[in-house]
Every structure is written in C-alpha cells, then in structure tokens.
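query30.cif, holding mmCIF, C-alpha atoms and all ligand atoms:
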data_final
#
loop_
_atom_site.label_atom_id
_atom_site.label_comp_id
_atom_site.auth_asym_id
_atom_site.auth_seq_id
_atom_site.Cartn_x
_atom_site.Cartn_y
_atom_site.Cartn_z
CA MET A 59 -1.17 6.71 -2.99
CA PRO A 60 -2.80 3.52 -1.73
CA GLU A 61 -0.57 1.92 0.92
CA LEU A 62 -0.85 -1.41 2.72
CA PRO A 63 -4.16 -0.66 4.53
CA GLU A 64 -5.91 0.63 1.41
CA VAL A 65 -4.78 -2.33 -0.68
CA GLU A 66 -5.76 -4.69 2.15
CA VAL A 67 -9.24 -3.11 2.30
CA ILE A 68 -9.66 -3.75 -1.44
CA ALA A 69 -8.24 -7.28 -1.15
CA ARG A 70 -10.67 -8.19 1.67
CA GLY A 71 -13.60 -6.64 -0.16
CA LEU A 72 -12.84 -8.41 -3.43
CA ARG A 73 -12.21 -11.68 -1.56
CA ALA A 74 -15.73 -11.49 -0.14
CA ARG A 75 -17.50 -10.36 -3.32
CA LEU A 76 -15.49 -11.66 -6.28
CA VAL A 77 -14.16 -15.08 -5.33
CA GLY A 78 -16.20 -17.89 -6.86
CA HIS A 79 -17.46 -15.77 -9.75
CA VAL A 80 -16.59 -16.21 -13.41
CA LEU A 81 -15.11 -13.39 -15.52
CA GLU A 82 -16.83 -12.69 -18.82
CA ASN A 83 -16.85 -10.01 -21.46
CA VAL A 84 -13.33 -8.92 -20.54
CA ARG A 85 -12.16 -5.71 -22.17
CA LEU A 86 -8.75 -4.06 -22.01
CA LEU A 87 -9.21 -0.44 -23.09
CA ARG A 88 -5.56 0.64 -22.87
CA ARG A 89 -2.92 -1.90 -23.70
CA ASP A 90 -0.10 0.02 -22.04
CA VAL A 91 -1.71 -0.67 -18.65
CA LEU A 92 0.02 -4.04 -19.04
CA TRP A 93 3.70 -3.97 -18.03
CA ARG A 94 4.55 -6.13 -21.03
CA ARG A 95 2.88 -7.26 -24.23
CA ILE A 96 0.50 -10.14 -23.51
CA PRO A 97 -1.03 -11.59 -26.68
CA ASP A 98 -4.67 -12.56 -26.35
CA PHE A 99 -4.95 -11.00 -22.86
CA GLU A 100 -8.76 -10.74 -22.85
CA ASN A 101 -9.29 -14.30 -24.13
CA LYS A 102 -6.91 -15.67 -21.53
CA LEU A 103 -9.11 -14.21 -18.76
CA GLU A 104 -12.47 -14.98 -20.33
CA GLY A 105 -14.44 -17.70 -18.50
CA ARG A 106 -12.02 -18.05 -15.60
CA ARG A 107 -13.29 -18.23 -12.06
CA ALA A 108 -11.79 -15.98 -9.36
CA ALA A 109 -10.23 -18.44 -6.91
CA ALA A 110 -8.44 -16.20 -4.40
CA VAL A 111 -7.40 -12.61 -3.75
CA VAL A 112 -4.02 -12.11 -2.10
CA ARG A 113 -2.09 -8.97 -1.11
CA ARG A 114 1.71 -8.82 -1.28
CA GLY A 115 3.00 -5.43 -0.08
CA LYS A 116 0.98 -3.00 -2.19
CA TYR A 117 0.32 -5.56 -4.92
CA LEU A 118 -3.00 -7.32 -5.43
CA LEU A 119 -2.96 -10.84 -6.83
CA LEU A 120 -6.15 -12.23 -8.29
CA ARG A 121 -5.67 -15.98 -8.63
CA LEU A 122 -7.85 -17.53 -11.31
CA SER A 123 -8.98 -21.03 -12.16
CA GLY A 124 -6.67 -22.86 -14.54
CA GLY A 125 -3.50 -21.61 -12.82
CA LEU A 126 -3.30 -17.97 -13.92
CA THR A 127 -2.66 -14.93 -11.70
CA LEU A 128 -3.65 -11.36 -12.54
CA LEU A 129 -1.29 -8.97 -10.74
CA VAL A 130 -2.48 -5.39 -10.15
CA HIS A 131 -0.67 -2.36 -8.73
CA LEU A 132 -2.75 0.76 -8.13
CA GLY A 133 0.12 3.24 -8.46
CA MET A 134 -0.83 6.74 -7.25
CA THR A 135 -4.45 7.04 -8.34
CA GLY A 136 -5.58 3.55 -9.31
CA ARG A 137 -8.98 2.18 -8.35
CA LEU A 138 -10.03 -1.44 -8.65
CA TRP A 139 -13.63 -1.96 -7.74
CA LEU A 140 -16.92 -3.67 -8.55
CA ALA A 141 -19.11 -1.22 -10.42
CA ASP A 142 -22.76 -1.52 -11.36
CA GLU A 143 -22.51 -2.77 -14.96
CA ALA A 144 -25.21 -0.27 -16.03
CA GLU A 145 -23.07 2.64 -14.87
CA PRO A 146 -21.14 4.18 -17.80
CA PRO A 147 -17.40 3.74 -17.26
CA ALA A 148 -15.66 6.86 -15.97
CA PRO A 149 -12.83 8.38 -18.05
CA HIS A 150 -9.49 6.58 -17.57
CA THR A 151 -11.18 3.19 -17.10
CA HIS A 152 -8.56 0.87 -18.59
CA PHE A 153 -9.95 -2.57 -17.81
CA ARG A 154 -13.44 -4.05 -17.42
CA ALA A 155 -14.57 -7.60 -16.71
CA GLY A 156 -18.17 -8.65 -16.21
CA LEU A 157 -19.15 -11.32 -13.68
CA ALA A 158 -21.34 -14.12 -15.03
CA GLY A 159 -24.85 -13.95 -13.58
CA LEU A 160 -24.24 -10.71 -11.64
CA PRO A 161 -24.99 -7.11 -12.68
CA LEU A 162 -21.46 -6.12 -11.67
CA GLU A 163 -18.21 -5.34 -13.44
CA LEU A 164 -14.68 -5.40 -12.10
CA ARG A 165 -13.11 -2.13 -13.29
CA LEU A 166 -9.65 -0.65 -13.13
CA ARG A 167 -9.39 3.11 -13.42
CA ASP A 168 -6.10 4.96 -13.17
CA PRO A 169 -5.96 8.59 -14.38
CA ARG A 170 -2.21 9.03 -13.77
CA ARG A 171 -1.29 5.50 -14.86
CA PHE A 172 1.53 4.84 -12.41
CA GLY A 173 -0.13 1.50 -11.74
CA GLY A 174 -0.28 -1.49 -14.01
CA MET A 175 -1.13 -5.15 -14.51
CA ASP A 176 0.47 -8.41 -15.49
CA LEU A 177 -0.91 -11.88 -16.19
CA PHE A 178 1.17 -15.01 -15.70
CA SER A 179 1.14 -18.60 -14.52
CA THR A 180 0.39 -18.87 -10.78
CA ALA A 181 3.31 -21.29 -10.51
CA ARG A 182 5.62 -18.39 -11.43
CA GLU A 183 4.24 -16.04 -8.75
CA ALA A 184 7.12 -16.44 -6.29
CA GLY A 185 9.72 -15.62 -8.94
CA HIS A 186 7.86 -12.71 -10.54
CA PRO A 187 10.39 -9.87 -11.01
CA ARG A 188 8.17 -7.32 -9.24
CA LEU A 189 7.21 -9.61 -6.35
CA VAL A 190 10.70 -10.91 -5.55
CA ARG A 191 11.73 -7.36 -4.66
CA VAL A 192 8.95 -6.92 -2.09
CA ALA A 193 10.02 -7.69 1.47
CA PRO A 194 7.50 -9.13 3.95
CA ASP A 195 5.22 -6.49 5.45
CA PRO A 196 5.08 -5.71 9.21
CA PHE A 197 2.31 -8.30 9.73
CA GLN A 198 4.48 -10.98 8.15
CA MET A 199 7.61 -10.43 10.21
CA PRO A 200 8.02 -10.81 13.96
CA ALA A 201 9.42 -7.84 15.88
CA PRO A 202 12.99 -9.24 16.22
CA GLU A 203 13.28 -9.79 12.46
CA PHE A 204 11.89 -6.29 11.85
CA ALA A 205 14.49 -4.82 14.23
CA GLU A 206 17.35 -6.71 12.55
CA ARG A 207 16.33 -5.66 9.05
CA ILE A 208 16.04 -2.01 10.09
CA ARG A 209 19.31 -1.95 12.03
CA ALA A 210 21.21 -3.26 9.00
CA ARG A 211 20.64 0.07 7.22
CA HIS A 212 22.75 3.18 7.48
CA ALA A 213 20.02 5.67 6.53
CA PRO A 214 17.31 7.80 8.16
CA ILE A 215 14.63 5.57 9.68
CA LYS A 216 11.91 7.16 7.56
CA ALA A 217 13.78 6.33 4.34
CA VAL A 218 14.26 2.75 5.54
CA LEU A 219 10.54 2.35 6.26
CA LEU A 220 9.76 3.49 2.71
CA ASN A 221 12.22 1.01 1.18
CA HIS A 222 10.15 -1.96 -0.02
CA SER A 223 13.13 -4.26 -0.11
CA VAL A 224 13.39 -3.82 3.71
CA VAL A 225 9.69 -3.65 4.72
CA GLY A 226 6.79 -4.14 2.31
CA GLY A 227 3.64 -2.05 1.95
CA LEU A 228 4.51 1.21 3.71
CA GLY A 229 4.30 4.71 2.27
CA ASN A 230 4.39 8.26 3.54
CA ILE A 231 1.20 8.25 5.62
CA TYR A 232 1.89 5.18 7.75
CA ALA A 233 5.62 5.89 8.08
CA ASP A 234 4.88 9.33 9.58
CA GLU A 235 2.04 8.07 11.78
CA SER A 236 3.99 5.13 13.22
CA LEU A 237 7.19 7.15 13.85
CA TRP A 238 5.12 9.70 15.78
CA ALA A 239 3.36 6.93 17.73
CA ALA A 240 6.75 5.38 18.64
CA ARG A 241 8.32 8.84 19.36
CA ILE A 242 11.13 8.33 16.85
CA HIS A 243 12.55 11.24 14.85
CA PRO A 244 12.23 10.58 11.08
CA LEU A 245 15.91 11.48 10.57
CA ALA A 246 17.16 9.15 13.31
CA ARG A 247 19.75 6.79 11.87
CA ALA A 248 18.28 3.31 11.53
CA ASP A 249 21.50 1.59 12.59
CA MET A 250 21.76 3.76 15.73
CA LEU A 251 18.30 2.87 17.08
CA LYS A 252 18.27 0.46 20.00
CA ARG A 253 16.36 -2.81 19.61
CA PRO A 254 13.63 -1.99 22.19
CA ARG A 255 12.80 1.20 20.30
CA LEU A 256 12.49 -0.77 17.05
CA VAL A 257 10.32 -3.38 18.75
CA ALA A 258 8.13 -0.47 19.91
CA LEU A 259 8.07 0.88 16.35
CA HIS A 260 6.98 -2.52 15.04
CA GLY A 261 4.14 -2.52 17.60
CA ALA A 262 3.18 1.03 16.59
CA LEU A 263 3.12 0.02 12.92
CA LEU A 264 0.83 -2.94 13.58
CA ALA A 265 -1.52 -0.79 15.66
CA VAL A 266 -1.65 2.04 13.10
CA LEU A 267 -2.09 -0.33 10.15
CA GLU A 268 -4.81 -2.35 11.89
CA ARG A 269 -6.73 0.79 12.81
CA ALA A 270 -6.38 2.13 9.28
CA ILE A 271 -7.78 -1.11 7.84
CA ALA A 272 -10.68 -0.99 10.33
CA PHE A 273 -11.47 2.56 9.15
CA GLY A 274 -11.51 1.45 5.51
CA GLY A 275 -8.15 3.07 4.70
CA SER A 276 -7.20 6.70 4.13
CA SER A 277 -8.96 8.48 1.28
CA ILE A 278 -6.17 10.75 0.11
CA SER A 279 -6.00 11.33 -3.68
CA ASP A 280 -9.47 9.80 -3.99
CA PHE A 281 -8.90 6.26 -2.73
CA VAL A 282 -12.08 4.16 -2.71
CA ASP A 283 -12.70 0.57 -1.69
CA HIS A 284 -13.91 -2.40 -3.77
CA LEU A 285 -17.43 -0.90 -3.88
CA GLY A 286 -16.34 2.66 -4.65
CA ALA A 287 -16.77 3.93 -1.07
CA PRO A 288 -14.15 6.13 0.61
CA GLY A 289 -12.23 5.23 3.76
CA TYR A 290 -12.23 7.34 6.90
CA PHE A 291 -8.78 6.95 8.40
CA GLN A 292 -7.70 10.35 7.02
CA ASN A 293 -9.84 11.82 9.85
CA GLU A 294 -7.72 9.84 12.33
CA HIS A 295 -4.28 10.97 11.15
CA ARG A 296 -2.28 12.38 14.05
CA VAL A 297 0.57 13.99 12.10
CA TYR A 298 0.35 13.23 8.36
CA GLY A 299 -0.73 16.40 6.53
CA ARG A 300 -0.99 18.34 9.81
CA ALA A 301 2.25 20.39 9.86
CA GLY A 302 1.71 23.72 11.63
CA ARG A 303 -1.04 22.31 13.83
CA PRO A 304 -0.56 21.24 17.45
CA CYS A 305 0.80 17.80 18.30
CA PRO A 306 -2.19 15.78 19.62
CA ARG A 307 0.04 14.44 22.43
CA CYS A 308 1.99 17.48 23.71
CA GLY A 309 0.58 20.53 21.94
CA ARG A 310 3.85 21.62 20.31
CA THR A 311 3.48 22.81 16.71
CA LEU A 312 4.12 19.93 14.28
CA ALA A 313 7.09 20.53 11.98
CA ARG A 314 7.68 19.61 8.36
CA ALA A 315 10.88 18.36 6.78
CA ILE A 316 11.89 16.59 3.59
CA VAL A 317 13.21 13.07 4.22
CA ALA A 318 13.91 10.67 1.37
CA GLN A 319 12.40 13.25 -1.01
CA ARG A 320 9.08 13.03 0.81
CA GLY A 321 7.28 15.66 2.86
CA THR A 322 7.52 14.51 6.47
CA THR A 323 5.57 15.74 9.49
CA PHE A 324 6.77 15.15 13.04
CA CYS A 325 6.65 16.62 16.54
CA PRO A 326 9.93 18.33 17.50
CA ARG A 327 9.22 17.68 21.18
CA CYS A 328 7.92 14.07 21.15
CA GLN A 329 10.31 12.90 18.43
CA ARG A 330 13.74 14.13 19.48
CA LEU A 331 17.11 13.11 18.15
CA ALA A 332 19.01 11.85 21.19
CA THR A 333 22.32 13.34 20.02
CA ALA A 334 23.63 14.87 16.83
CA ARG A 335 25.47 11.60 16.26
CA ASP A 336 22.12 9.79 15.89
CA SER A 337 21.05 11.98 13.01
CA HIS A 338 21.74 10.83 9.50
CA GLN A 339 21.50 14.37 8.21
CA LEU A 340 23.94 15.84 10.72
CA SER A 341 26.43 13.00 10.55
CA GLU A 342 26.74 12.84 6.77
ZN ZN B 1 4.37 16.16 20.62
#
What does the file become when written as structure tokens?
Amino acid sequence: MPELPEVEVIARGLRARLVGHVLENVRLLRRDVLWRRIPDFENKLEGRRAAAVVRRGKYLLLRLSGGLTLLVHLGMTGRLWLADEAEPPAPHTHFRAGLAGLPLELRLRDPRRFGGMDLFSTAREAGHPRLVRVAPDPFQMPAPEFAERIRARHAPIKAVLLNHSVVGGLGNIYADESLWAARIHPLARADMLKRPRLVALHGALLAVLERAIAFGGSSISDFVDHLGAPGYFQNEHRVYGRAGRPCPRCGRTLARAIVAQRGTTFCPRCQRLATARDSHQLSE
C-alpha cells in the first residue's frame, strides 16, 4: 500500500511534470471510482489547467484552474502516473486525461479498487469529510506535539502510529522501520512511553521517511512513481518483511507478531518492553 513517501514521490513528480498543463479528452472508465455521484465529471475537468499538486497524509490533491480540486487516494494498488498516450491503457485503468500539446496522459489504474477520487470546490478542501479526519503528518508537527498526541492514547504504539486521526500518512512499513530505529517495542503502551523516547521516535520517523522519499519510495505491491518507474527503498528495509532474518544492528533473529491486525516485525533484543506493565497486550 502506498504510504506517505510513495504518495510524496508521486506528488513531487506530478508537481514538476503536470503543473501548468491543461487537461483535455478526459475519460472516466469506471464511475464507481468516484466516492459519490458527480454529474458531468469529465466536462467539469475538461480544459482546466493543473495549478498545484498537494499531499495530505496519503491523499493527493490536484488543484485546478477555476477553483476545483481533484482528490485521489491510491488505496492498496492504485497508480497515478503520466503514460505515453500511444501506449494502450492497461486493464483496470479507470481514468485518463490527456495534456494539451503533450503526448502524455494522466492515468489512474487500480486493480483492487480500494482507492478512489472526488471532485469539489477548492474552497471546500479544508472541510472535506475525508480530509478533516487526517491528522498532520510527522513533517507537519514538531516533536513535542507528536509526543503529546501519542501519549494521549492508551494503546500499543504501533496501533497509534497507524491511526490517521493521530498521525497522518503512516502505514505498516514505516511504522515497523521507525520503531526499530528508535528501539521501541511495537506493543509498548503509547501512554507509558517517556517523552524523550517519543522525541527520538519522531526523529527516527523523519529520517526513515526522508530516506524513503530519496529512494523513490518502496515498491511493494507494484508501486510506481509518476512516470511508471519503481522505487528502491524496499532494498533498504531493516525489519519490514524480514522476520526470521538477523537484526541488522545486533544479529538476533527478527520476530513477527500481529499488532493492530497487521503483521509486525521487530527485534526482540533491540526493542524490549521495559516491564510487563508497559505492554498493552500483557496489561489488558
Ligand atoms: Zn537487534
């Protein structure tokens, strides 16, 4: 599933290549890709210029001339990229928009269709029902605010990191990687973690996310960027998907657990629970 770094890679790519260009020949091939019925969807987009590309959590916002915003979520398997217009659309391509004067097409493909789109007035962006629920992401909140938000939750730290109303943009990969980097057990109770450890976790998150963006994201479940190229951060994962292999820091075999219904990899030596009392699982 694309997380913050993957969506950021697409946002930066589209910002560089799409902004300033006019959409034409817009085609919606599956209407249920829209979260609600939008009469005249294609005509509303036709002839509008891409003015800005913004990321909010894992959402992409394409702001268009004339005060409209196209909101896109890539779900589990969504791709939004600029394809060569001569290239036949792959199966599960749900949306296509040509760019005036360029041999390129903006295409949305989503085989599993957990993603979706909406189109609305840019003035209504802040109050959009999906966007109001998304908390600021780690780049948008200073470490003390991050620590306060986390400490307000009586739940395992991993579950809190995955909760988008607490921190935006994170999923399984970057939760596991940052907890390992900060040496915090995924089942540690959020409200039992001391502030300095949460400040360290915030720093670890920024470092992991920045590196992931620099590597073009993680290409798990076929993520590709705005030009259809894969990322390389999956080769840099320290723990995610590596259960049973040695911890890159101490050599101990990495363990797997289920936390918040998600497969979780951690190092039993580097990421200890200080006492049984600190564990959500053991205290419940
Ligand atoms: Zn270790």
Length of the atom CA of A:Glu66 to atom CA of A:Val91 vector [Å]
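Between atom CA of A:Glu66 and atom CA of A:Val91 the gap works out to 21.6 Å.
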Could you pull out the residues sitting within 6 Å of ligand ZN 1 (chain B), using all atoms listed in the file, and write them as a short mmCIF file (atom, residue, chain, number, x, y, z; two decimals) with C-alpha atoms, in the frame of the given file?
data_model
loop_
_atom_site.label_atom_id
_atom_site.label_comp_id
_atom_site.auth_asym_id
_atom_site.auth_seq_id
_atom_site.Cartn_x
_atom_site.Cartn_y
_atom_site.Cartn_z
CA CYS A 305 0.80 17.80 18.30
CA ARG A 307 0.04 14.44 22.43
CA CYS A 308 1.99 17.48 23.71
CA GLY A 309 0.58 20.53 21.94
CA ARG A 310 3.85 21.62 20.31
CA CYS A 325 6.65 16.62 16.54
CA ARG A 327 9.22 17.68 21.18
CA CYS A 328 7.92 14.07 21.15
#
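In this structure, atom CA of A:Leu220 sits 22.1 Å away from atom CA of A:Gly289.
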Could you check which of A:Ala148, A:Met175, A:Ala109, A:Leu312 is closest to A:Arg89, using only C-alpha atoms?
A:Met175
Polymer residues at most 10 Å from stretch 189-201 of chain A, only C-alpha atoms, same-chain spacing of 6 or more positions, as a ChimeraX atom specification:
/A:62,114-117,129,183,207,221-228,253-254,256-261,263-264,267-268
Choose the residue, out of A:Pro147, A:Gly159, A:Pro304, A:Gly299, that has the smallest atom-to-atom separation from A:Arg320; count all atoms listed in the file.
A:Gly299
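Minimum distance to A:Gly274 across A:Arg70, A:Ala315, A:Leu237, A:Ala205 (counting all atoms listed in the file) occurs at A:Arg70.
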Rank nothing, just name the residue among A:Glu145, A:Gly286, A:Glu294, A:Ala217 nearest to A:Ile271, using all atoms listed in the file.
A:Glu294
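Our summary of the geometry notes that atom CA of A:Gly185 is positioned 18.1 Å from atom CA of A:Val111.
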Write out as a PDB file with C-alpha atoms, keeping the file's coordinate frame the residues lying within 12 Å of A:Ala74, counting only C-alpha atoms and excluding same-chain residues fewer than 4 positions away.
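Output (selection-v5.pdb):
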ATOM      1  CA  VAL A  67      -9.240  -3.110   2.300  1.00  0.00           C
ATOM      2  CA  ILE A  68      -9.660  -3.750  -1.440  1.00  0.00           C
ATOM      3  CA  ALA A  69      -8.240  -7.280  -1.150  1.00  0.00           C
ATOM      4  CA  ARG A  70     -10.670  -8.190   1.670  1.00  0.00           C
ATOM      5  CA  GLY A  78     -16.200 -17.890  -6.860  1.00  0.00           C
ATOM      6  CA  HIS A  79     -17.460 -15.770  -9.750  1.00  0.00           C
ATOM      7  CA  ALA A 108     -11.790 -15.980  -9.360  1.00  0.00           C
ATOM      8  CA  ALA A 109     -10.230 -18.440  -6.910  1.00  0.00           C
ATOM      9  CA  ALA A 110      -8.440 -16.200  -4.400  1.00  0.00           C
ATOM     10  CA  VAL A 111      -7.400 -12.610  -3.750  1.00  0.00           C
ATOM     11  CA  VAL A 112      -4.020 -12.110  -2.100  1.00  0.00           C
ATOM     12  CA  LEU A 140     -16.920  -3.670  -8.550  1.00  0.00           C
ATOM     13  CA  HIS A 284     -13.910  -2.400  -3.770  1.00  0.00           C
ATOM     14  CA  LEU A 285     -17.430  -0.900  -3.880  1.00  0.00           C
TER      15      LEU A 285
END
Give the answer as one residue: which of A:Leu138, A:Arg121, A:Gln319, A:Gly173 has the shortest atom-to-atom distance to A:Trp93, using all atoms listed in the file?
A:Gly173
Which one of A:Thr127, A:Ala155, A:Glu100, A:Arg95 sits closest to A:Leu76 if you count all atoms listed in the file?
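Ranking A:Thr127, A:Ala155, A:Glu100, A:Arg95 by distance to A:Leu76, first place goes to A:Ala155.
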Near-A:Asp234 list (9 Å; all atoms listed in the file; drop same-chain fewer than 3 positions) as a VMD selection string:
chain A and resid 216 229 to 231 237 to 239 244 296 to 298 322 to 324
Applying 8 Å and all atoms listed in the file, which residues near A:Ala210 remain after dropping the ones on its own chain fewer than 2 positions away? List them as a list of chain:residue names.
A:Glu206, A:Arg207, A:Ile208, A:His212, A:Ala248, A:Asp249
At the level of C-alpha atoms, write stretch 183-252 of chain A to a file as a short mmCIF file (atom, residue, chain, number, x, y, z; two decimals), in the first residue's frame, please.
data_model
loop_
_atom_site.label_atom_id
_atom_site.label_comp_id
_atom_site.auth_asym_id
_atom_site.auth_seq_id
_atom_site.Cartn_x
_atom_site.Cartn_y
_atom_site.Cartn_z
CA GLU A 183 -10.98 21.43 0.77
CA ALA A 184 -10.43 22.06 4.48
CA GLY A 185 -13.88 20.76 5.39
CA HIS A 186 -13.86 17.73 3.09
CA PRO A 187 -15.14 14.74 5.13
CA ARG A 188 -12.13 12.57 4.24
CA LEU A 189 -9.52 15.30 4.81
CA VAL A 190 -10.83 16.56 8.16
CA ARG A 191 -10.09 13.14 9.64
CA VAL A 192 -6.42 13.19 8.59
CA ALA A 193 -4.07 14.43 11.31
CA PRO A 194 -0.90 16.32 10.35
CA ASP A 195 1.93 14.02 9.28
CA PRO A 196 5.30 13.80 11.12
CA PHE A 197 6.78 16.55 8.90
CA GLN A 198 3.94 18.88 9.84
CA MET A 199 4.16 18.51 13.61
CA PRO A 200 7.07 19.42 15.87
CA ALA A 201 8.40 16.70 18.17
CA PRO A 202 6.66 17.99 21.35
CA GLU A 203 3.25 17.97 19.65
CA PHE A 204 3.95 14.49 18.28
CA ALA A 205 4.85 13.27 21.79
CA GLU A 206 1.69 14.78 23.31
CA ARG A 207 -0.59 13.26 20.68
CA ILE A 208 0.96 9.82 21.11
CA ARG A 209 0.93 9.92 24.91
CA ALA A 210 -2.79 10.69 24.94
CA ARG A 211 -3.52 7.17 23.66
CA HIS A 212 -3.93 4.04 25.74
CA ALA A 213 -2.97 1.55 23.01
CA PRO A 214 0.11 -0.20 21.61
CA ILE A 215 2.44 2.33 20.00
CA LYS A 216 2.28 0.56 16.64
CA ALA A 217 -1.52 0.83 16.56
CA VAL A 218 -1.28 4.53 17.44
CA LEU A 219 1.18 5.19 14.61
CA LEU A 220 -1.26 3.57 12.16
CA ASN A 221 -4.18 5.69 13.39
CA HIS A 222 -4.56 8.54 10.88
CA SER A 223 -6.50 10.68 13.29
CA VAL A 224 -3.34 10.79 15.49
CA VAL A 225 -0.56 10.92 12.85
CA GLY A 226 -1.19 11.18 9.11
CA GLY A 227 0.43 9.19 6.30
CA LEU A 228 1.95 6.18 8.08
CA GLY A 229 1.35 2.53 7.30
CA ASN A 230 2.90 -0.80 8.17
CA ILE A 231 6.29 -0.36 6.51
CA TYR A 232 7.30 2.95 8.07
CA ALA A 233 5.76 2.15 11.47
CA ASP A 234 7.91 -1.00 11.74
CA GLU A 235 11.05 0.69 10.38
CA SER A 236 10.83 3.72 12.67
CA LEU A 237 10.02 1.68 15.82
CA TRP A 238 13.09 -0.47 15.14
CA ALA A 239 15.24 2.63 14.52
CA ALA A 240 14.04 4.15 17.83
CA ARG A 241 14.35 0.77 19.68
CA ILE A 242 10.71 0.79 20.79
CA HIS A 243 8.71 -2.44 21.10
CA PRO A 244 5.60 -2.32 18.86
CA LEU A 245 3.41 -3.43 21.79
CA ALA A 246 4.74 -0.79 24.18
CA ARG A 247 1.85 1.24 25.56
CA ALA A 248 1.81 4.68 23.99
CA ASP A 249 0.80 6.41 27.23
CA MET A 250 3.65 4.71 29.14
CA LEU A 251 6.43 5.92 26.83
CA LYS A 252 8.57 8.74 28.21
#
